[in-house]
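Source file run29.csv; content: CSV, C-alpha atoms and all ligand atoms.
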```csv
chain,number,residue,atom,x,y,z
A,28,MET,CA,22.3,15.8,21.6
A,29,LYS,CA,21.7,15.0,25.3
A,30,TYR,CA,18.3,13.6,26.2
A,31,LEU,CA,16.5,12.7,29.3
A,32,VAL,CA,14.2,9.6,28.9
A,33,VAL,CA,11.7,9.5,31.8
A,34,GLY,CA,10.4,6.0,32.1
A,35,GLY,CA,13.3,4.7,30.1
A,36,ALA,CA,13.3,1.3,31.9
A,37,GLY,CA,9.8,0.5,30.6
A,38,TYR,CA,8.6,-1.3,27.5
A,39,ILE,CA,8.5,1.5,25.0
A,40,GLY,CA,11.1,3.7,26.8
A,41,SER,CA,13.8,1.1,26.7
A,42,HIS,CA,13.4,0.6,23.0
A,43,MET,CA,13.7,4.4,22.7
A,44,VAL,CA,16.9,4.5,24.7
A,45,LYS,CA,18.4,1.8,22.4
A,46,HIS,CA,17.4,3.8,19.4
A,47,LEU,CA,18.9,7.1,20.7
A,48,LEU,CA,22.1,5.5,21.7
A,49,SER,CA,22.6,3.8,18.4
A,50,ASP,CA,22.0,7.2,16.7
A,51,GLY,CA,25.0,8.5,18.8
A,52,HIS,CA,23.1,10.6,21.3
A,53,GLU,CA,23.8,10.9,25.0
A,54,VAL,CA,21.0,9.5,27.1
A,55,VAL,CA,20.1,9.7,30.8
A,56,VAL,CA,17.3,7.5,32.0
A,57,ALA,CA,15.1,8.7,34.9
A,58,ASP,CA,13.0,5.9,36.3
A,59,THR,CA,11.9,4.4,39.6
A,60,VAL,CA,13.3,1.0,38.5
A,61,ALA,CA,16.8,0.2,37.2
A,62,THR,CA,17.7,-0.2,33.6
A,63,ALA,CA,20.6,-2.0,32.0
A,64,PRO,CA,23.9,-1.6,33.9
A,65,ASP,CA,25.7,0.1,31.0
A,66,ILE,CA,23.0,2.9,30.7
A,67,GLU,CA,23.2,6.1,32.8
A,68,TRP,CA,20.3,5.8,35.2
A,69,VAL,CA,19.0,8.2,37.8
A,70,GLU,CA,16.6,6.7,40.3
A,71,LEU,CA,13.9,9.3,40.4
A,72,ASP,CA,10.1,9.8,40.8
A,73,ILE,CA,8.9,12.7,38.8
A,74,ALA,CA,6.5,13.7,41.6
A,75,ASP,CA,9.7,14.8,43.5
A,76,ALA,CA,10.3,18.4,42.4
A,77,ARG,CA,13.5,18.8,44.3
A,78,ALA,CA,15.0,15.7,42.8
A,79,LEU,CA,14.1,17.0,39.3
A,80,ASP,CA,15.7,20.4,40.1
A,81,ARG,CA,18.9,18.6,41.2
A,82,LEU,CA,18.9,16.5,38.0
A,83,PHE,CA,18.4,19.6,35.8
A,84,ALA,CA,21.2,21.4,37.7
A,85,ASP,CA,23.5,18.5,37.1
A,86,TYR,CA,22.8,18.0,33.4
A,87,HIS,CA,21.9,20.2,30.4
A,88,PHE,CA,19.3,18.4,28.3
A,89,ASP,CA,18.3,19.4,24.8
A,90,ALA,CA,14.9,17.6,25.2
A,91,VAL,CA,12.9,15.3,27.4
A,92,PHE,CA,11.0,12.1,26.4
A,93,HIS,CA,8.3,11.3,28.9
A,94,PHE,CA,7.1,7.6,28.8
A,95,ALA,CA,6.4,7.1,32.5
A,96,SER,CA,2.7,6.4,33.2
A,97,HIS,CA,0.2,3.9,34.4
A,98,ILE,CA,-1.5,2.2,31.4
A,99,GLN,CA,-4.2,-0.2,32.6
A,100,VAL,CA,-7.6,1.0,31.5
A,101,GLY,CA,-9.5,-1.3,34.0
A,102,GLU,CA,-7.4,-0.2,36.9
A,103,SER,CA,-7.9,3.4,36.0
A,104,VAL,CA,-11.7,2.9,36.4
A,105,SER,CA,-11.3,1.2,39.8
A,106,ASP,CA,-8.5,3.5,41.1
A,107,PRO,CA,-8.7,6.8,39.3
A,108,GLY,CA,-6.7,8.6,42.0
A,109,LYS,CA,-3.6,6.6,41.1
A,110,TYR,CA,-4.0,7.7,37.5
A,111,TYR,CA,-4.6,11.3,38.1
A,112,GLN,CA,-1.8,11.5,40.7
A,113,ASN,CA,0.8,9.8,38.5
A,114,ASN,CA,-0.2,10.6,35.0
A,115,VAL,CA,-1.4,14.1,35.5
A,116,ALA,CA,0.0,15.6,38.8
A,117,ALA,CA,3.4,14.1,38.6
A,118,THR,CA,3.7,15.1,34.9
A,119,LEU,CA,2.8,18.6,35.9
A,120,THR,CA,5.6,18.6,38.4
A,121,LEU,CA,8.0,17.5,35.6
A,122,LEU,CA,6.7,20.2,33.3
A,123,GLU,CA,7.2,22.9,35.9
A,124,ALA,CA,10.7,21.7,36.6
A,125,MET,CA,11.4,21.8,32.9
A,126,VAL,CA,10.2,25.4,32.8
A,127,ARG,CA,12.4,26.4,35.8
A,128,ALA,CA,15.4,24.7,34.0
A,129,ASP,CA,14.5,26.4,30.7
A,130,ILE,CA,14.2,23.1,28.8
A,131,LYS,CA,11.9,23.8,25.9
A,132,HIS,CA,11.3,20.5,24.1
A,133,LEU,CA,9.2,17.5,25.1
A,134,VAL,CA,8.0,14.3,23.4
A,135,PHE,CA,5.0,12.9,25.3
A,136,SER,CA,3.5,9.5,25.2
A,137,SER,CA,-0.2,9.8,24.5
A,138,THR,CA,-2.8,7.3,23.4
A,139,ALA,CA,-5.6,6.5,21.0
A,140,ALA,CA,-7.7,6.3,24.2
A,141,VAL,CA,-8.0,10.1,24.1
A,142,TYR,CA,-10.6,9.6,21.3
A,143,GLY,CA,-13.0,7.3,23.2
A,144,ASP,CA,-15.5,5.4,21.2
A,145,PRO,CA,-14.7,6.1,17.5
A,146,GLN,CA,-17.2,8.2,15.6
A,147,TYR,CA,-15.4,7.1,12.4
A,148,VAL,CA,-12.4,5.0,11.4
A,149,PRO,CA,-9.6,5.4,10.4
A,150,ILE,CA,-9.3,8.0,13.2
A,151,ASP,CA,-7.4,11.2,12.4
A,152,GLU,CA,-6.1,13.7,14.9
A,153,GLN,CA,-9.2,16.0,14.4
A,154,HIS,CA,-11.5,13.2,15.7
A,155,PRO,CA,-13.4,14.5,18.8
A,156,LYS,CA,-11.6,13.8,22.0
A,157,ALA,CA,-14.0,12.0,24.3
A,158,PRO,CA,-12.1,9.6,26.5
A,159,ILE,CA,-14.3,7.0,28.2
A,160,ASN,CA,-12.0,6.1,31.1
A,161,PRO,CA,-9.7,7.9,33.6
A,162,TYR,CA,-6.6,6.5,31.7
A,163,GLY,CA,-7.6,8.2,28.5
A,164,ARG,CA,-8.8,11.3,30.4
A,165,SER,CA,-5.4,11.6,32.2
A,166,LYS,CA,-3.6,11.6,28.8
A,167,TRP,CA,-6.0,14.1,27.3
A,168,MET,CA,-5.6,16.4,30.3
A,169,VAL,CA,-1.8,16.4,29.9
A,170,GLU,CA,-2.2,17.2,26.2
A,171,GLN,CA,-4.3,20.3,27.1
A,172,ILE,CA,-1.9,21.3,29.8
A,173,LEU,CA,0.9,21.1,27.2
A,174,GLU,CA,-0.9,23.5,25.0
A,175,ASP,CA,-1.2,26.0,27.8
A,176,PHE,CA,2.5,25.5,28.7
A,177,ASP,CA,3.4,26.3,25.1
A,178,ARG,CA,1.3,29.5,25.1
A,179,ALA,CA,2.6,30.7,28.5
A,180,TYR,CA,6.2,29.4,28.7
A,181,GLY,CA,7.1,28.5,25.1
A,182,LEU,CA,7.5,24.8,26.0
A,183,LYS,CA,7.2,23.0,22.7
A,184,SER,CA,5.8,19.5,22.7
A,185,VAL,CA,4.9,16.6,20.4
A,186,ARG,CA,2.2,14.4,21.7
A,187,LEU,CA,2.3,10.9,20.1
A,188,ARG,CA,-1.0,9.0,20.3
A,189,TYR,CA,-0.1,5.3,20.1
A,190,PHE,CA,-2.6,2.8,18.9
A,191,ASN,CA,-1.6,-0.7,20.0
A,192,ALA,CA,2.1,-0.8,20.8
A,193,ALA,CA,3.4,-4.3,20.1
A,194,GLY,CA,6.4,-6.4,19.1
A,195,ALA,CA,9.9,-6.4,20.4
A,196,ASP,CA,13.4,-5.3,19.5
A,197,PRO,CA,14.2,-6.9,16.1
A,198,GLU,CA,17.7,-7.8,17.5
A,199,GLY,CA,16.1,-9.6,20.4
A,200,LEU,CA,17.7,-7.5,23.2
A,201,LEU,CA,14.4,-6.0,24.6
A,202,GLY,CA,10.8,-6.9,24.8
A,203,GLU,CA,7.5,-6.5,26.6
A,204,CYS,CA,7.2,-7.5,30.2
A,205,HIS,CA,4.3,-6.0,32.1
A,206,GLU,CA,3.2,-7.2,35.6
A,207,PRO,CA,0.4,-8.1,35.4
A,208,GLU,CA,0.4,-8.6,31.7
A,209,THR,CA,-2.9,-7.5,30.1
A,210,HIS,CA,-2.0,-7.1,26.4
A,211,LEU,CA,-3.2,-9.5,23.8
A,212,ILE,CA,0.0,-10.4,21.9
A,213,PRO,CA,2.2,-11.3,24.9
A,214,LEU,CA,-0.7,-13.2,26.4
A,215,ILE,CA,-1.2,-15.3,23.2
A,216,LEU,CA,2.5,-16.0,23.1
A,217,GLN,CA,2.6,-17.1,26.8
A,218,ALA,CA,-0.2,-19.5,25.8
A,219,ALA,CA,2.0,-20.7,22.9
A,220,SER,CA,5.1,-21.2,25.1
A,221,GLY,CA,3.2,-23.0,27.8
A,222,ARG,CA,3.5,-20.3,30.5
A,223,ARG,CA,-0.3,-20.0,30.3
A,224,ALA,CA,-2.8,-22.7,29.6
A,225,ALA,CA,-4.9,-20.6,27.2
A,226,VAL,CA,-5.7,-17.1,26.0
A,227,THR,CA,-9.1,-15.6,26.7
A,228,VAL,CA,-10.9,-13.9,23.8
A,229,PHE,CA,-13.1,-11.1,25.0
A,230,GLY,CA,-16.2,-11.1,22.9
A,231,HIS,CA,-17.2,-12.8,19.6
A,232,ASP,CA,-20.3,-10.7,18.9
A,233,TYR,CA,-18.7,-7.4,17.8
A,234,ASP,CA,-19.8,-5.8,14.5
A,235,THR,CA,-16.6,-7.0,12.7
A,236,PRO,CA,-16.2,-9.6,10.0
A,237,ASP,CA,-15.3,-12.4,12.4
A,238,GLY,CA,-17.0,-10.9,15.5
A,239,THR,CA,-13.7,-10.1,17.4
A,240,CYS,CA,-12.3,-6.7,18.0
A,241,ILE,CA,-10.1,-5.0,15.5
A,242,ARG,CA,-6.9,-3.1,16.5
A,243,ASP,CA,-4.1,-1.3,14.8
A,244,TYR,CA,-0.8,-2.9,16.0
A,245,VAL,CA,2.3,-0.8,15.7
A,246,HIS,CA,5.8,-2.1,16.2
A,247,VAL,CA,7.7,-0.7,19.2
A,248,ALA,CA,10.8,-0.1,17.0
A,249,ASP,CA,8.6,2.0,14.7
A,250,LEU,CA,7.3,3.9,17.7
A,251,ALA,CA,10.9,4.6,18.7
A,252,SER,CA,11.8,5.9,15.2
A,253,ALA,CA,8.7,8.2,15.3
A,254,HIS,CA,9.9,9.7,18.6
A,255,ALA,CA,13.4,10.3,17.2
A,256,LEU,CA,11.8,12.2,14.2
A,257,ALA,CA,9.6,14.1,16.6
A,258,VAL,CA,12.5,15.4,18.6
A,259,GLU,CA,14.4,16.4,15.5
A,260,TYR,CA,11.2,18.2,14.3
A,261,LEU,CA,11.0,20.2,17.6
A,262,LEU,CA,14.7,21.0,17.7
A,263,GLN,CA,14.4,22.4,14.2
A,264,GLY,CA,11.7,24.8,15.4
A,265,GLY,CA,8.6,22.8,14.7
A,266,ALA,CA,5.4,23.9,16.3
A,267,SER,CA,3.7,21.9,19.0
A,268,ALA,CA,1.5,19.2,17.5
A,269,SER,CA,-0.2,15.8,18.1
A,270,PHE,CA,0.3,12.8,15.8
A,271,ASN,CA,-1.3,9.4,15.6
A,272,LEU,CA,1.0,6.4,15.5
A,273,GLY,CA,-0.4,3.3,13.9
A,274,ASN,CA,-0.1,1.4,10.6
A,275,GLY,CA,-3.6,2.2,9.4
A,276,LEU,CA,-4.2,-1.6,9.2
A,277,GLY,CA,-6.8,-3.3,11.4
A,278,PHE,CA,-6.3,-6.9,12.6
A,279,SER,CA,-8.9,-8.8,14.6
A,280,VAL,CA,-8.2,-10.7,17.7
A,281,GLN,CA,-8.8,-13.9,15.8
A,282,GLU,CA,-6.4,-12.9,13.0
A,283,VAL,CA,-3.7,-12.2,15.7
A,284,ILE,CA,-4.2,-15.7,17.1
A,285,ASP,CA,-4.0,-17.2,13.6
A,286,ALA,CA,-0.8,-15.3,12.9
A,287,ALA,CA,0.7,-16.5,16.2
A,288,ARG,CA,-0.2,-20.1,15.4
A,289,ALA,CA,1.6,-19.7,12.1
A,290,VAL,CA,4.6,-18.0,13.5
A,291,THR,CA,5.1,-20.3,16.5
A,292,GLY,CA,3.9,-23.6,14.9
A,293,ARG,CA,2.2,-24.3,18.3
A,294,PRO,CA,-1.5,-25.0,19.0
A,295,ILE,CA,-2.8,-22.1,21.1
A,296,GLN,CA,-5.7,-22.9,23.3
A,297,VAL,CA,-8.5,-20.3,23.3
A,298,ILE,CA,-11.2,-19.6,25.8
A,299,GLU,CA,-14.1,-17.6,24.6
A,300,THR,CA,-15.7,-15.3,27.0
A,301,SER,CA,-17.9,-12.2,27.1
A,302,ARG,CA,-16.8,-8.7,26.1
A,303,ARG,CA,-14.4,-6.7,28.3
A,304,GLU,CA,-16.0,-3.4,29.4
A,305,GLY,CA,-14.9,-0.4,27.5
A,306,ASP,CA,-13.5,-2.1,24.4
A,307,PRO,CA,-14.6,-0.4,21.1
A,308,ALA,CA,-15.2,-2.8,18.2
A,309,THR,CA,-12.6,-1.2,15.9
A,310,LEU,CA,-9.7,1.2,16.5
A,311,VAL,CA,-7.6,2.0,13.4
A,312,ALA,CA,-5.3,5.0,13.0
A,313,ASP,CA,-5.0,7.5,10.2
A,314,ALA,CA,-1.3,8.3,10.6
A,315,GLN,CA,-0.9,10.4,7.5
A,316,ARG,CA,0.1,13.5,9.5
A,317,ALA,CA,3.1,11.7,11.1
A,318,LYS,CA,4.1,10.5,7.7
A,319,LYS,CA,3.8,13.9,6.0
A,320,VAL,CA,5.1,16.2,8.8
A,321,LEU,CA,7.7,14.0,10.5
A,322,GLY,CA,8.6,11.8,7.5
A,323,TRP,CA,7.7,8.7,9.5
A,324,GLN,CA,7.8,5.4,7.6
A,325,PRO,CA,7.0,2.3,9.7
A,326,ARG,CA,9.2,-0.6,8.8
A,327,PHE,CA,7.1,-3.5,10.3
A,328,ALA,CA,3.5,-3.2,9.3
A,329,GLY,CA,2.8,-7.0,9.0
A,330,LEU,CA,1.6,-9.1,11.9
A,331,GLU,CA,4.2,-11.8,11.1
A,332,GLU,CA,7.0,-9.5,12.0
A,333,ILE,CA,5.3,-7.9,15.0
A,334,VAL,CA,4.3,-11.3,16.4
A,335,GLY,CA,7.6,-12.9,15.2
A,336,HIS,CA,9.8,-10.4,17.1
A,337,ALA,CA,7.6,-10.8,20.2
A,338,TRP,CA,7.9,-14.6,19.9
A,339,ASN,CA,11.7,-14.3,19.8
A,340,TRP,CA,11.6,-12.4,23.0
A,341,GLU,CA,9.1,-14.8,24.7
A,342,ARG,CA,11.3,-17.8,23.7
A,343,LYS,CA,14.6,-16.1,24.7
A,344,TYR,CA,13.4,-15.5,28.3
A,345,PRO,CA,11.3,-18.5,29.2
A,346,TRP,CA,12.3,-18.0,32.9
A,347,ARG,CA,10.5,-14.7,33.3
A,401,LIG,N1,-8.0,-9.0,24.3
A,401,LIG,C1,-8.5,-10.3,24.4
A,401,LIG,N2,-8.0,-11.1,25.4
A,401,LIG,C2,-7.0,-10.7,26.3
A,401,LIG,C3,-6.5,-9.4,26.1
A,401,LIG,C4,-7.0,-8.6,25.1
A,401,LIG,O1,-9.4,-10.7,23.7
A,401,LIG,O2,-6.6,-11.4,27.1
A,401,LIG,C5,-8.5,-8.2,23.2
A,401,LIG,C6,-9.1,-6.9,23.7
A,401,LIG,O3,-10.5,-7.1,24.0
A,401,LIG,C7,-8.9,-6.0,22.5
A,401,LIG,C8,-7.6,-6.5,21.9
A,401,LIG,O4,-7.4,-7.8,22.4
A,401,LIG,O5,-9.9,-6.1,21.6
A,401,LIG,C9,-6.4,-5.7,22.3
A,401,LIG,O6,-6.3,-5.6,23.7
A,401,LIG,P1,-5.1,-5.0,24.5
A,401,LIG,O7,-5.5,-5.1,26.0
A,401,LIG,O8,-3.8,-5.7,24.1
A,401,LIG,O9,-5.0,-3.5,24.1
A,401,LIG,P2,-6.2,-2.4,24.1
A,401,LIG,O10,-6.6,-2.2,22.7
A,401,LIG,O11,-7.2,-2.6,25.1
A,401,LIG,O12,-5.3,-1.2,24.7
A,401,LIG,C10,-4.3,-0.5,24.1
A,401,LIG,C11,-3.3,-0.1,25.2
A,401,LIG,C12,-4.0,0.8,26.1
A,401,LIG,C13,-4.7,2.0,25.4
A,401,LIG,C14,-5.5,1.4,24.3
A,401,LIG,C15,-6.1,2.5,23.5
A,401,LIG,O13,-2.8,-1.2,25.9
A,401,LIG,O14,-3.0,1.4,27.0
A,401,LIG,O15,-4.8,0.6,23.5
A,401,LIG,O16,-5.1,3.3,23.1
A,401,LIG,F1,-5.5,2.7,26.2
```
Take the structure from the file and write it as structure tokens.
Amino acid sequence: MKYLVVGGAGYIGSHMVKHLLSDGHEVVVADTVATAPDIEWVELDIADARALDRLFADYHFDAVFHFASHIQVGESVSDPGKYYQNNVAATLTLLEAMVRADIKHLVFSSTAAVYGDPQYVPIDEQHPKAPINPYGRSKWMVEQILEDFDRAYGLKSVRLRYFNAAGADPEGLLGECHEPETHLIPLILQAASGRRAAVTVFGHDYDTPDGTCIRDYVHVADLASAHALAVEYLLQGGASASFNLGNGLGFSVQEVIDAARAVTGRPIQVIETSRREGDPATLVADAQRAKKVLGWQPRFAGLEEIVGHAWNWERKYPWR
């Protein structure tokens, strides 16, 4: 198959590209930043309809994977225009270009943030969608646009709602590198490697056993395998659908720090501070639908492997 990976130079997108290439598919990456030199890369902003039309005239794609988006919850509150412009308006431009080019299959990166404050856990796909910030709203808006595009134009999509994407390529070739970094596991490991003096823990007074927030960490290689199954499902005629991607296991911030101390053998300095605005106490996925419908089977559910692979990456690139 020939696939377009939009945002294929990013954290999850790059793991997807590796997965698709190792399965023998042809891949073109569209991104605003360059990817590895041996990967076919088109420098492209999806807000540019003409550039998309040229791309779709040059190549015939069986499906598109769309990973490109802004992902910082706090920034989305202070600068919502940036999020609606990029995550919604530019995505709409991509979808319209796909319709013009008669490309009928899309796998879209969505998020657990579409649910907002959980009314129950584990969270299944029927849980009410009540996002509490512009980031979550931007993803939920696109999900609804996709339903309309299916009805009107027959564009079939799978929306994958990630819980906490984490870890790194088990072979050590790829990993997480955000600028600025806001995610818990890389920040803990930067404190372990000495790139940072300490990690800050946001809140010790949550209604959880140790008082710190509980999240469902899902390995980035397992996210990639879910996307590969999702596109197969679509190409075999599957109906548009949304799926949660998580392990169904909750780990507290304190448990993640303890696992990182065990994996790295390093003391990790912790600074306790107050809660970060908008953090629910517990987010855990019910991912039974992805397992039943797509046949998804995560390989790396334990913190040791997720943190271990992220630590290999942190140690391999101490100059970053
Ligand atoms: N945390 C800290 N200290 C830090 C960073 C994070 O204590 O320096 C805590 C947070 O309070 C939270 C947990 O660690 O309880 C995980 O935080 P992350 O920022 O790593 O991840 P989030 O759960 O906030 O966000 C993730 C994605 C978002 C997405 C959200 C819901 O990064 O893009 O899940 O889907 F919106």
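Atom C7 of ligand LIG 401 (chain A) lies 8.1 Å from atom CA of A:Pro307.
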- Query: A:Val226: which residues within 10 Å, counting all atoms listed in the file, same-chain residues fewer than 4 positions away excluded, as a PyMOL selection string?
  - Reply: chain A and resi 211-219+284+295-299
- Message: Within 12 Å of (12.2, -17.5, 25.4) (file coordinates; all atoms listed in the file), which protein or nucleic acid residues are there? I'd like them as a ChimeraX atom specification.
- Response: /A:199-202,213,216-217,219-222,291,336-347
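Atom CA of A:Ser49 to atom CA of A:Gly34 spans 18.5 Å [interatomic distance, one decimal].
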- Task: Check the smallest atom-to-atom distance from each of A:Leu256, A:His231, A:Val247, A:His205 to A:Asp50 using all atoms listed in the file, then report the winner.
- Result: A:Leu256
Report as CSV the residues of chain A within 6 Å of ligand LIG 401 (chain A), each with its shortest atom pair and distance in Å (one decimal), using all atoms listed in the file, ordered by chain and increasing residue number.
```
residue,atom,partner,partner_atom,distance
A:Ile98,CA,A:LIG401,O14,4.7
A:Gln99,CA,A:LIG401,O14,5.9
A:Val100,CA,A:LIG401,F1,5.9
A:Thr138,CA,A:LIG401,O16,4.6
A:Ala139,CA,A:LIG401,O16,3.9
A:Ala140,CA,A:LIG401,O16,4.1
A:Phe190,CA,A:LIG401,O16,4.9
A:Asn191,CA,A:LIG401,C10,4.9
A:Thr209,CA,A:LIG401,O7,5.4
A:His210,CA,A:LIG401,O8,3.2
A:Leu211,CA,A:LIG401,O8,3.9
A:Val226,CA,A:LIG401,O2,5.9
A:Thr227,CA,A:LIG401,N2,4.8
A:Val228,CA,A:LIG401,O1,3.5
A:Phe229,CA,A:LIG401,O1,3.9
A:Cys240,CA,A:LIG401,O5,4.4
A:Val280,CA,A:LIG401,O4,5.6
A:Arg303,CA,A:LIG401,O3,5.8
A:Asp306,CA,A:LIG401,O3,5.8
```
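The residue that comes closest to A:Ala248, out of A:Asp85, A:Asp58, A:Glu67, A:Asp196 and on the basis of only C-alpha atoms, is A:Asp196.
Proximity ranking of A:Gly181, A:Gly230, A:Pro158, A:Gly322 relative to A:Met125 places A:Gly181 first, based on only C-alpha atoms.
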- Message: Could you list, as a PyMOL selection string, every residue within 7 Å of A:Val334, counting all atoms listed in the file and ignoring same-chain residues fewer than 4 positions away?
- Response: chain A and resi 194+287+330+338
- Note on the structure: Counting all atoms listed in the file, closest pick from A:Leu321, A:Ala314, A:Val69, A:Ile150 relative to A:Gln263 is A:Leu321
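The space separating atom CA of A:Thr120 from atom CA of A:Ser184 comes to 15.7 Å.
Using all atoms listed in the file, the contacts of A:Lys45 at a cut-off of 12 Å, with sequence neighbours closer than 6 positions omitted, comprise Val32, Gly35, Ala36, Gly37, Tyr38, Ile39, Gly51, His52, Glu53, Val54, Val55, Val56, Thr62, Ala63, Asp65, Ile66, Ala195, Asp196, Pro197, Glu198, Gly199, Leu200, Leu201, Gly202, Val247, Ala248, Ala251, Ser252 and Ala255 of chain A.
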- Query: At a cut-off of 12 Å from (11.9, 17.2, 40.1) in the coordinates of the file, what residues are picked up using all atoms listed in the file, written as number ranges by chain?
  - Reply: A: 33, 57-58, 69-84, 117-128
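Nearest residue to A:Gly238 among A:Phe135, A:Phe270, A:Phe278, A:Trp323 is A:Phe278, counting only C-alpha atoms.
Across A:Tyr142, A:Phe176, A:Tyr86, A:Phe92, the tightest approach to A:Lys156 is made by A:Tyr142 when counting only C-alpha atoms.
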- Query: Contacts of A:Pro149 at 6 Å or less, counting all atoms listed in the file, minus same-chain residues fewer than 5 places along, as a PyMOL selection string?
  - Reply: chain A and resi 311-313
